[in-house]
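Q: Contents of input33.cif (mmCIF, C-alpha atoms and all ligand atoms) are below:
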data_final
loop_
_atom_site.group_PDB
_atom_site.id
_atom_site.type_symbol
_atom_site.label_atom_id
_atom_site.label_comp_id
_atom_site.auth_asym_id
_atom_site.auth_seq_id
_atom_site.Cartn_x
_atom_site.Cartn_y
_atom_site.Cartn_z
ATOM 1 C CA MET D 16 0.000 0.000 0.000
ATOM 2 C CA GLU D 17 1.364 3.459 -0.960
ATOM 3 C CA ARG D 18 1.527 5.908 1.876
ATOM 4 C CA VAL D 19 1.636 9.649 1.522
ATOM 5 C CA GLN D 20 4.736 11.098 3.117
ATOM 6 C CA LYS D 21 5.440 14.536 4.418
ATOM 7 C CA PRO D 22 9.039 15.760 4.087
ATOM 8 C CA PHE D 23 11.261 14.152 6.732
ATOM 9 C CA LYS D 24 13.786 16.124 8.695
ATOM 10 C CA LYS D 25 17.316 14.912 8.070
ATOM 11 C CA ILE D 26 18.402 12.325 10.624
ATOM 12 C CA ILE D 27 20.703 9.292 10.663
ATOM 13 C CA VAL D 28 18.956 5.942 10.355
ATOM 14 C CA THR D 29 21.007 2.826 11.045
ATOM 15 C CA ILE D 30 20.160 -0.721 10.015
ATOM 16 C CA ASP D 31 22.343 -3.473 11.444
ATOM 17 C CA GLY D 32 21.925 -7.207 11.246
ATOM 18 C CA PRO D 33 23.368 -10.479 9.968
ATOM 19 C CA ALA D 34 23.874 -11.453 6.317
ATOM 20 C CA GLY D 35 20.705 -12.159 4.368
ATOM 21 C CA ALA D 36 18.328 -10.386 6.769
ATOM 22 C CA GLY D 37 17.221 -8.063 3.962
ATOM 23 C CA LYS D 38 19.243 -5.020 5.040
ATOM 24 C CA THR D 39 20.324 -3.976 1.556
ATOM 25 C CA THR D 40 16.922 -4.119 -0.126
ATOM 26 C CA ILE D 41 15.225 -2.497 2.845
ATOM 27 C CA SER D 42 17.852 0.208 3.325
ATOM 28 C CA LYS D 43 17.629 1.229 -0.338
ATOM 29 C CA LEU D 44 13.824 1.310 -0.292
ATOM 30 C CA LEU D 45 13.715 3.212 2.976
ATOM 31 C CA ALA D 46 16.310 5.748 1.770
ATOM 32 C CA ASP D 47 14.214 6.236 -1.329
ATOM 33 C CA LYS D 48 11.011 6.832 0.669
ATOM 34 C CA LEU D 49 12.749 9.269 3.000
ATOM 35 C CA GLY D 50 14.628 11.088 0.233
ATOM 36 C CA TYR D 51 17.892 10.140 1.999
ATOM 37 C CA ARG D 52 21.233 8.801 0.794
ATOM 38 C CA TYR D 53 21.944 5.106 1.205
ATOM 39 C CA LEU D 54 25.255 4.082 2.760
ATOM 40 C CA ASP D 55 26.300 0.482 2.171
ATOM 41 C CA THR D 56 29.181 -0.002 4.624
ATOM 42 C CA GLY D 57 29.573 -3.685 3.727
ATOM 43 C CA ALA D 58 30.646 -2.467 0.274
ATOM 44 C CA LEU D 59 33.506 -0.562 1.931
ATOM 45 C CA TYR D 60 34.785 -3.708 3.684
ATOM 46 C CA ARG D 61 34.348 -5.594 0.424
ATOM 47 C CA ALA D 62 36.375 -2.919 -1.414
ATOM 48 C CA VAL D 63 39.218 -3.361 1.088
ATOM 49 C CA ALA D 64 38.953 -7.147 0.582
ATOM 50 C CA VAL D 65 39.279 -6.764 -3.213
ATOM 51 C CA ALA D 66 42.301 -4.474 -2.874
ATOM 52 C CA ALA D 67 43.975 -6.794 -0.321
ATOM 53 C CA THR D 68 43.343 -9.812 -2.567
ATOM 54 C CA ASP D 69 44.816 -8.017 -5.601
ATOM 55 C CA ARG D 70 47.967 -7.196 -3.630
ATOM 56 C CA GLY D 71 48.190 -10.724 -2.227
ATOM 57 C CA ILE D 72 47.999 -9.440 1.353
ATOM 58 C CA ALA D 73 47.451 -12.066 4.041
ATOM 59 C CA VAL D 74 44.537 -11.243 6.307
ATOM 60 C CA ASP D 75 46.701 -11.166 9.453
ATOM 61 C CA ASP D 76 49.401 -8.929 7.935
ATOM 62 C CA ASP D 77 48.451 -5.731 9.749
ATOM 63 C CA LEU D 78 51.430 -3.747 8.460
ATOM 64 C CA ALA D 79 50.525 -4.467 4.853
ATOM 65 C CA LEU D 80 46.842 -3.765 5.563
ATOM 66 C CA GLU D 81 47.755 -0.466 7.180
ATOM 67 C CA SER D 82 49.808 0.593 4.191
ATOM 68 C CA LEU D 83 47.014 -0.541 1.860
ATOM 69 C CA CYS D 84 44.487 1.608 3.731
ATOM 70 C CA ARG D 85 46.833 4.596 3.795
ATOM 71 C CA ASP D 86 47.047 4.584 -0.009
ATOM 72 C CA MET D 87 43.404 3.823 -0.586
ATOM 73 C CA VAL D 88 40.681 6.202 -1.725
ATOM 74 C CA ILE D 89 37.234 4.612 -1.850
ATOM 75 C CA ASP D 90 34.605 6.420 -3.803
ATOM 76 C CA LEU D 91 30.902 5.489 -3.648
ATOM 77 C CA ARG D 92 28.952 6.817 -6.632
ATOM 78 C CA SER D 93 25.283 6.421 -7.352
ATOM 79 C CA SER D 94 24.519 5.632 -10.963
ATOM 80 C CA ALA D 95 21.451 4.636 -12.986
ATOM 81 C CA ASP D 96 22.191 0.939 -12.347
ATOM 82 C CA GLY D 97 22.841 1.373 -8.623
ATOM 83 C CA LEU D 98 25.831 2.095 -6.442
ATOM 84 C CA ARG D 99 29.318 1.955 -8.041
ATOM 85 C CA VAL D 100 32.381 1.435 -5.869
ATOM 86 C CA LEU D 101 35.725 2.801 -7.003
ATOM 87 C CA VAL D 102 39.059 2.020 -5.367
ATOM 88 C CA ASN D 103 41.720 4.507 -6.407
ATOM 89 C CA GLN D 104 39.503 5.287 -9.418
ATOM 90 C CA ASP D 105 39.242 1.633 -10.450
ATOM 91 C CA ASP D 106 35.612 0.443 -10.627
ATOM 92 C CA VAL D 107 35.484 -2.793 -8.580
ATOM 93 C CA THR D 108 31.680 -3.011 -8.284
ATOM 94 C CA GLY D 109 31.370 -6.219 -10.305
ATOM 95 C CA ARG D 110 33.885 -8.008 -8.077
ATOM 96 C CA LEU D 111 32.418 -7.216 -4.657
ATOM 97 C CA ARG D 112 29.876 -9.981 -4.197
ATOM 98 C CA THR D 113 31.685 -13.240 -4.951
ATOM 99 C CA PRO D 114 31.760 -15.853 -2.153
ATOM 100 C CA GLN D 115 35.551 -15.428 -1.903
ATOM 101 C CA ILE D 116 35.305 -11.641 -1.395
ATOM 102 C CA SER D 117 32.436 -12.110 1.101
ATOM 103 C CA MET D 118 34.657 -14.302 3.284
ATOM 104 C CA MET D 119 37.681 -12.025 2.829
ATOM 105 C CA ALA D 120 35.570 -8.966 3.761
ATOM 106 C CA SER D 121 34.455 -10.715 6.931
ATOM 107 C CA ALA D 122 38.089 -11.605 7.729
ATOM 108 C CA VAL D 123 39.563 -8.117 7.114
ATOM 109 C CA SER D 124 36.704 -6.565 9.065
ATOM 110 C CA ALA D 125 38.084 -8.184 12.235
ATOM 111 C CA ARG D 126 41.391 -6.243 11.903
ATOM 112 C CA SER D 127 41.638 -3.024 13.895
ATOM 113 C CA VAL D 128 43.693 -1.204 11.214
ATOM 114 C CA VAL D 129 40.905 -1.732 8.711
ATOM 115 C CA ARG D 130 38.107 -0.806 11.121
ATOM 116 C CA ARG D 131 39.921 2.364 12.178
ATOM 117 C CA PHE D 132 40.406 3.441 8.558
ATOM 118 C CA LEU D 133 36.801 2.749 7.611
ATOM 119 C CA LEU D 134 35.431 4.401 10.750
ATOM 120 C CA THR D 135 36.756 7.731 9.472
ATOM 121 C CA VAL D 136 35.472 7.086 5.947
ATOM 122 C CA GLN D 137 31.989 6.139 7.220
ATOM 123 C CA ARG D 138 31.689 9.117 9.573
ATOM 124 C CA GLN D 139 32.632 11.466 6.750
ATOM 125 C CA LEU D 140 29.987 9.887 4.547
ATOM 126 C CA GLY D 141 27.355 10.307 7.279
ATOM 127 C CA GLU D 142 28.326 13.831 8.261
ATOM 128 C CA GLN D 143 25.534 15.543 6.374
ATOM 129 C CA LYS D 144 22.800 13.375 7.941
ATOM 130 C CA GLY D 145 19.812 12.389 5.802
ATOM 131 C CA VAL D 146 21.329 8.943 5.472
ATOM 132 C CA VAL D 147 20.294 5.310 5.889
ATOM 133 C CA ALA D 148 23.454 3.439 6.903
ATOM 134 C CA GLU D 149 23.497 -0.329 6.775
ATOM 135 C CA GLY D 150 26.110 -2.631 8.319
ATOM 136 C CA ARG D 151 27.051 -4.495 11.484
ATOM 137 C CA ASP D 152 28.097 -1.718 13.883
ATOM 138 C CA MET D 153 26.240 1.334 12.598
ATOM 139 C CA GLY D 154 24.136 1.862 15.726
ATOM 140 C CA THR D 155 26.757 0.692 18.221
ATOM 141 C CA VAL D 156 30.061 2.217 17.033
ATOM 142 C CA VAL D 157 29.940 4.328 13.875
ATOM 143 C CA PHE D 158 26.802 6.390 14.560
ATOM 144 C CA PRO D 159 25.966 5.852 18.260
ATOM 145 C CA GLN D 160 24.118 9.207 18.161
ATOM 146 C CA ALA D 161 21.809 8.089 15.320
ATOM 147 C CA GLU D 162 18.196 9.110 15.894
ATOM 148 C CA ALA D 163 16.647 5.898 14.537
ATOM 149 C CA LYS D 164 18.333 2.518 14.955
ATOM 150 C CA PHE D 165 17.033 -0.789 13.686
ATOM 151 C CA PHE D 166 18.334 -4.305 14.131
ATOM 152 C CA LEU D 167 17.001 -6.516 11.382
ATOM 153 C CA ASP D 168 17.110 -10.269 11.809
ATOM 154 C CA ALA D 169 15.408 -13.396 10.431
ATOM 155 C CA ASP D 170 15.521 -17.132 10.871
ATOM 156 C CA PRO D 171 18.868 -18.455 9.486
ATOM 157 C CA HIS D 172 17.197 -20.924 7.101
ATOM 158 C CA ILE D 173 15.061 -18.166 5.655
ATOM 159 C CA ARG D 174 18.062 -15.883 5.319
ATOM 160 C CA ALA D 175 19.990 -18.609 3.494
ATOM 161 C CA ARG D 176 17.022 -19.268 1.194
ATOM 162 C CA ARG D 177 16.727 -15.574 0.335
ATOM 163 C CA ARG D 178 20.474 -15.273 -0.339
ATOM 164 C CA HIS D 179 20.403 -18.440 -2.459
ATOM 165 C CA GLU D 180 17.510 -17.134 -4.538
ATOM 166 C CA GLU D 181 19.235 -13.784 -4.987
ATOM 167 C CA LEU D 182 22.413 -15.488 -6.284
ATOM 168 C CA ILE D 183 20.413 -17.527 -8.790
ATOM 169 C CA VAL D 184 18.077 -14.764 -9.984
ATOM 170 C CA GLN D 185 20.432 -11.767 -9.970
ATOM 171 C CA LYS D 186 23.794 -13.369 -10.651
ATOM 172 C CA GLY D 187 22.824 -16.475 -12.620
ATOM 173 C CA GLU D 188 24.942 -18.598 -10.270
ATOM 174 C CA ARG D 189 23.982 -22.122 -9.178
ATOM 175 C CA PRO D 190 25.408 -22.746 -5.718
ATOM 176 C CA SER D 191 23.706 -25.359 -3.530
ATOM 177 C CA LEU D 192 21.459 -24.089 -0.751
ATOM 178 C CA GLU D 193 23.622 -25.997 1.747
ATOM 179 C CA SER D 194 26.830 -24.238 0.666
ATOM 180 C CA VAL D 195 25.142 -20.815 0.850
ATOM 181 C CA GLU D 196 23.817 -21.563 4.335
ATOM 182 C CA LYS D 197 27.155 -22.918 5.545
ATOM 183 C CA GLN D 198 29.063 -19.852 4.357
ATOM 184 C CA MET D 199 26.451 -17.503 5.771
ATOM 185 C CA LEU D 200 26.595 -19.136 9.205
ATOM 186 C CA GLN D 201 30.395 -19.009 9.138
ATOM 187 C CA ARG D 202 30.257 -15.287 8.369
ATOM 188 C CA ASP D 203 27.648 -14.692 11.089
ATOM 189 C CA HIS D 204 29.918 -16.466 13.532
ATOM 190 C CA ASN D 205 33.008 -14.435 12.494
ATOM 191 C CA ASP D 206 31.112 -11.141 12.528
ATOM 192 C CA SER D 207 29.425 -11.637 15.892
ATOM 193 C CA THR D 208 32.292 -13.208 17.861
ATOM 194 C CA ARG D 209 35.148 -10.883 16.851
ATOM 195 C CA SER D 210 36.436 -8.664 19.646
ATOM 196 C CA LEU D 211 36.140 -5.391 17.705
ATOM 197 C CA ALA D 212 32.701 -3.958 17.019
ATOM 198 C CA PRO D 213 30.981 -7.355 16.922
ATOM 199 C CA LEU D 214 27.568 -7.629 15.355
ATOM 200 C CA GLN D 215 25.075 -6.917 18.137
ATOM 201 C CA PRO D 216 21.988 -4.783 18.527
ATOM 202 C CA ALA D 217 22.505 -1.321 20.020
ATOM 203 C CA GLU D 218 20.681 -1.010 23.348
ATOM 204 C CA ASP D 219 18.346 1.560 21.852
ATOM 205 C CA ALA D 220 17.764 -0.300 18.576
ATOM 206 C CA VAL D 221 14.283 -1.334 17.470
ATOM 207 C CA ARG D 222 14.498 -5.044 16.735
ATOM 208 C CA ILE D 223 12.603 -6.364 13.741
ATOM 209 C CA ASP D 224 12.391 -10.046 12.915
ATOM 210 C CA SER D 225 11.563 -10.231 9.214
ATOM 211 C CA THR D 226 11.079 -14.035 9.094
ATOM 212 C CA HIS D 227 7.324 -13.774 8.549
ATOM 213 C CA LEU D 228 7.152 -10.197 7.245
ATOM 214 C CA THR D 229 7.018 -8.877 3.682
ATOM 215 C CA LEU D 230 9.325 -6.065 2.570
ATOM 216 C CA ASP D 231 6.372 -3.708 2.699
ATOM 217 C CA GLN D 232 5.569 -4.641 6.293
ATOM 218 C CA VAL D 233 9.159 -4.056 7.412
ATOM 219 C CA ILE D 234 9.299 -0.683 5.657
ATOM 220 C CA HIS D 235 5.980 0.330 7.239
ATOM 221 C CA GLN D 236 7.226 -0.540 10.730
ATOM 222 C CA MET D 237 10.351 1.534 10.146
ATOM 223 C CA LEU D 238 8.476 4.495 8.680
ATOM 224 C CA ASP D 239 5.993 4.423 11.581
ATOM 225 C CA TYR D 240 8.851 4.624 14.037
ATOM 226 C CA ILE D 241 10.660 7.379 12.118
ATOM 227 C CA GLU D 242 7.434 9.400 11.872
ATOM 228 C CA GLN D 243 6.923 9.075 15.636
ATOM 229 C CA ILE D 244 10.328 10.537 16.446
ATOM 230 C CA GLN D 245 10.152 13.452 13.970
HETATM 231 O O1 LIG S 301 26.917 -6.392 4.620
HETATM 232 P P1 LIG S 301 27.893 -7.216 3.822
HETATM 233 O O2 LIG S 301 27.522 -8.670 3.778
HETATM 234 O O3 LIG S 301 28.141 -6.652 2.459
HETATM 235 O O4 LIG S 301 29.300 -7.101 4.639
HETATM 236 C C1 LIG S 301 30.455 -7.813 4.271
HETATM 237 C C2 LIG S 301 31.324 -8.049 5.505
HETATM 238 O O5 LIG S 301 31.834 -6.798 5.978
HETATM 239 C C3 LIG S 301 30.587 -8.660 6.690
HETATM 240 O O6 LIG S 301 30.710 -10.075 6.698
HETATM 241 C C4 LIG S 301 31.235 -8.046 7.897
HETATM 242 C C5 LIG S 301 31.842 -6.760 7.402
HETATM 243 N N1 LIG S 301 31.141 -5.563 7.861
HETATM 244 C C6 LIG S 301 31.465 -5.090 9.118
HETATM 245 O O7 LIG S 301 32.247 -5.702 9.831
HETATM 246 N N2 LIG S 301 30.913 -3.933 9.562
HETATM 247 C C7 LIG S 301 30.028 -3.272 8.809
HETATM 248 N N3 LIG S 301 29.520 -2.132 9.264
HETATM 249 C C8 LIG S 301 29.653 -3.763 7.536
HETATM 250 C C9 LIG S 301 30.219 -4.928 7.094
#
Now, as a test, write the supplied structure out as structure tokens.
Ligand code: DC
A:
Amino acid sequence: MERVQKPFKKIIVTIDGPAGAGKTTISKLLADKLGYRYLDTGALYRAVAVAATDRGIAVDDDLALESLCRDMVIDLRSSADGLRVLVNQDDVTGRLRTPQISMMASAVSARSVVRRFLLTVQRQLGEQKGVVAEGRDMGTVVFPQAEAKFFLDADPHIRARRRHEELIVQKGERPSLESVEKQMLQRDHNDSTRSLAPLQPAEDAVRIDSTHLTLDQVIHQMLDYIEQIQ
């Protein structure tokens, strides 16, 4: 159902949660409805993973990662076909979502040199407010002052099924459901048990379990909350 919106004042909205919970689709839709920018922070970790892979950097080589980050300029550009990610002017968008880069992104995201570098990048990107920021630590670490925080979760089997479908429909890949679920659970484990900025709901986050909800229902819940706090 379409709802008529009045203009929203510019705030920071954060959406954290595990892989496959629907964060990306929902963040984009919500940003669109609010007239806000959409900040995909997973894409930043993925960009670092691509650059580290290209330079053959081992995930525990903090010195090499530090030097990589020092020389790295990541540019997020919106285009007609969605967000483009440039690393030192090289468009790496098409390489961000392979299973190998997903695992590498999760691994580099546990390193403090990488998190420190991206913390600055993310805060600069959120400076102007009017942003929907999606990730793992948006409400807890990067934007603790955000006015609206959501933690989006869903049953792991459902999340794996959604991710599996997405890979088949959007990417034309044919992985087994079991392999998608196994990798997703491994990533969840890495992301929520690391010592730095682990995936966890902020104390003041609104928790939404999307297992039995449609996209529309999730968006409505979020908009209701954002309208209340305007
Ligand atoms: O959201 P995503 O699946 O594109 O994120 C890829 C990896 O990046 C994820 O496994 C963990 C890491 N990440 C993070 O540690 N903190 C964020 N704010 C976003 C992503």
Q: For range 216-220 of chain D, work out the shell of residues within 12 Å, counting all atoms listed in the file and skipping chain neighbours fewer than 3 positions away, then give it as number ranges by chain.
A: D: 28-33, 150-168, 207, 212-213, 223, 237, 240
Q: Quick one: axis-aligned box around all listed atoms of ligand LIG 301 (chain S), 3 Å on every side, centre and edge lengths in Å to one decimal, written as lines of an AutoDock Vina configuration file.
A:
center_x = 29.6
center_y = -6.1
center_z = 6.1
size_x = 11.3
size_y = 13.9
size_z = 13.4
Q: Could the residues that lie within 7 Å of ligand LIG 301 (chain S), counting all atoms listed in the file, be listed as a PyMOL selection string?
A: chain D and resi 34+56-58+60-61+117-118+120-121+124-125+149-153+202+206
Q: Go ahead and write the selection's residues with C-alpha atoms as a PDB file, in the frame of the given file.
A:
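What landed in part.pdb:
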ATOM      1  CA  ALA D  34      23.874 -11.453   6.317  1.00  0.00           C
ATOM      2  CA  THR D  56      29.181  -0.002   4.624  1.00  0.00           C
ATOM      3  CA  GLY D  57      29.573  -3.685   3.727  1.00  0.00           C
ATOM      4  CA  ALA D  58      30.646  -2.467   0.274  1.00  0.00           C
ATOM      5  CA  TYR D  60      34.785  -3.708   3.684  1.00  0.00           C
ATOM      6  CA  ARG D  61      34.348  -5.594   0.424  1.00  0.00           C
ATOM      7  CA  SER D 117      32.436 -12.110   1.101  1.00  0.00           C
ATOM      8  CA  MET D 118      34.657 -14.302   3.284  1.00  0.00           C
ATOM      9  CA  ALA D 120      35.570  -8.966   3.761  1.00  0.00           C
ATOM     10  CA  SER D 121      34.455 -10.715   6.931  1.00  0.00           C
ATOM     11  CA  SER D 124      36.704  -6.565   9.065  1.00  0.00           C
ATOM     12  CA  ALA D 125      38.084  -8.184  12.235  1.00  0.00           C
ATOM     13  CA  GLU D 149      23.497  -0.329   6.775  1.00  0.00           C
ATOM     14  CA  GLY D 150      26.110  -2.631   8.319  1.00  0.00           C
ATOM     15  CA  ARG D 151      27.051  -4.495  11.484  1.00  0.00           C
ATOM     16  CA  ASP D 152      28.097  -1.718  13.883  1.00  0.00           C
ATOM     17  CA  MET D 153      26.240   1.334  12.598  1.00  0.00           C
ATOM     18  CA  ARG D 202      30.257 -15.287   8.369  1.00  0.00           C
ATOM     19  CA  ASP D 206      31.112 -11.141  12.528  1.00  0.00           C
TER      20      ASP D 206
END
Q: Compare D:Ala148, D:Leu45, D:Phe132, D:Ala62 by their minimum atom-to-atom distance to Asp106 in chain D, counting only C-alpha atoms, and give me the closest one.
A: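 Looking only at the distances to Asp106 in chain D, the closest residue turns out to be D:Ala62.
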Q: If you apply the PyMOL selection byres (((chain D and resi 114) around 12) and not hetatm) to this file, what residues do you get, as JSON, numbers by chain?
A: {"D": [61, 64, 65, 110, 111, 112, 113, 115, 116, 117, 118, 119, 120, 121, 178, 179, 182, 186, 188, 190, 194, 195, 196, 197, 198, 199, 201, 202]}
Q: May I ask for the distance between CA of Ala73 in chain D and CA of Lys38 in chain D, given in Å to one decimal place?
A: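 Atom-to-atom, CA of Ala73 in chain D to CA of Lys38 in chain D, that is 29.1 Å.
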Q: Name the residues captured by the PyMOL selection byres (((chain D and resi 92) around 12) and not hetatm) when it is applied to the shown file; answer as an MDAnalysis selection string.
A: chainID D and resid 52:55 58 89:91 93:102 104 106:108 140
Q: Work out how far CA of Thr226 in chain D is from CA of Leu200 in chain D, in Å to one decimal.
A: 16.3 Å
Q: May I ask for the distance between CA of His227 in chain D and CA of Ile26 in chain D, given in Å to one decimal place?
A: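 Here the two named atoms are 28.4 Å from each other.
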Q: Residues at most 10 Å from Val129 in chain D, counting all atoms listed in the file, excluding those fewer than 2 positions away in the same chain, as a CSV table (one decimal) with C-alpha atoms, keeping the file's coordinate frame?
A:
chain,number,residue,atom,x,y,z
D,60,TYR,CA,34.8,-3.7,3.7
D,63,VAL,CA,39.2,-3.4,1.1
D,64,ALA,CA,39.0,-7.1,0.6
D,77,ASP,CA,48.5,-5.7,9.7
D,80,LEU,CA,46.8,-3.8,5.6
D,81,GLU,CA,47.8,-0.5,7.2
D,83,LEU,CA,47.0,-0.5,1.9
D,84,CYS,CA,44.5,1.6,3.7
D,85,ARG,CA,46.8,4.6,3.8
D,123,VAL,CA,39.6,-8.1,7.1
D,124,SER,CA,36.7,-6.6,9.1
D,125,ALA,CA,38.1,-8.2,12.2
D,126,ARG,CA,41.4,-6.2,11.9
D,127,SER,CA,41.6,-3.0,13.9
D,131,ARG,CA,39.9,2.4,12.2
D,132,PHE,CA,40.4,3.4,8.6
D,133,LEU,CA,36.8,2.7,7.6
D,134,LEU,CA,35.4,4.4,10.8
Q: Give me, as a ChimeraX atom specification, all polymer residues having an atom no more than 9 Å from range 22-25 of chain D, counting all atoms listed in the file and skipping those fewer than 2 positions away in the same chain.
A: /D:20,27,49-51,143-146,241-242,245
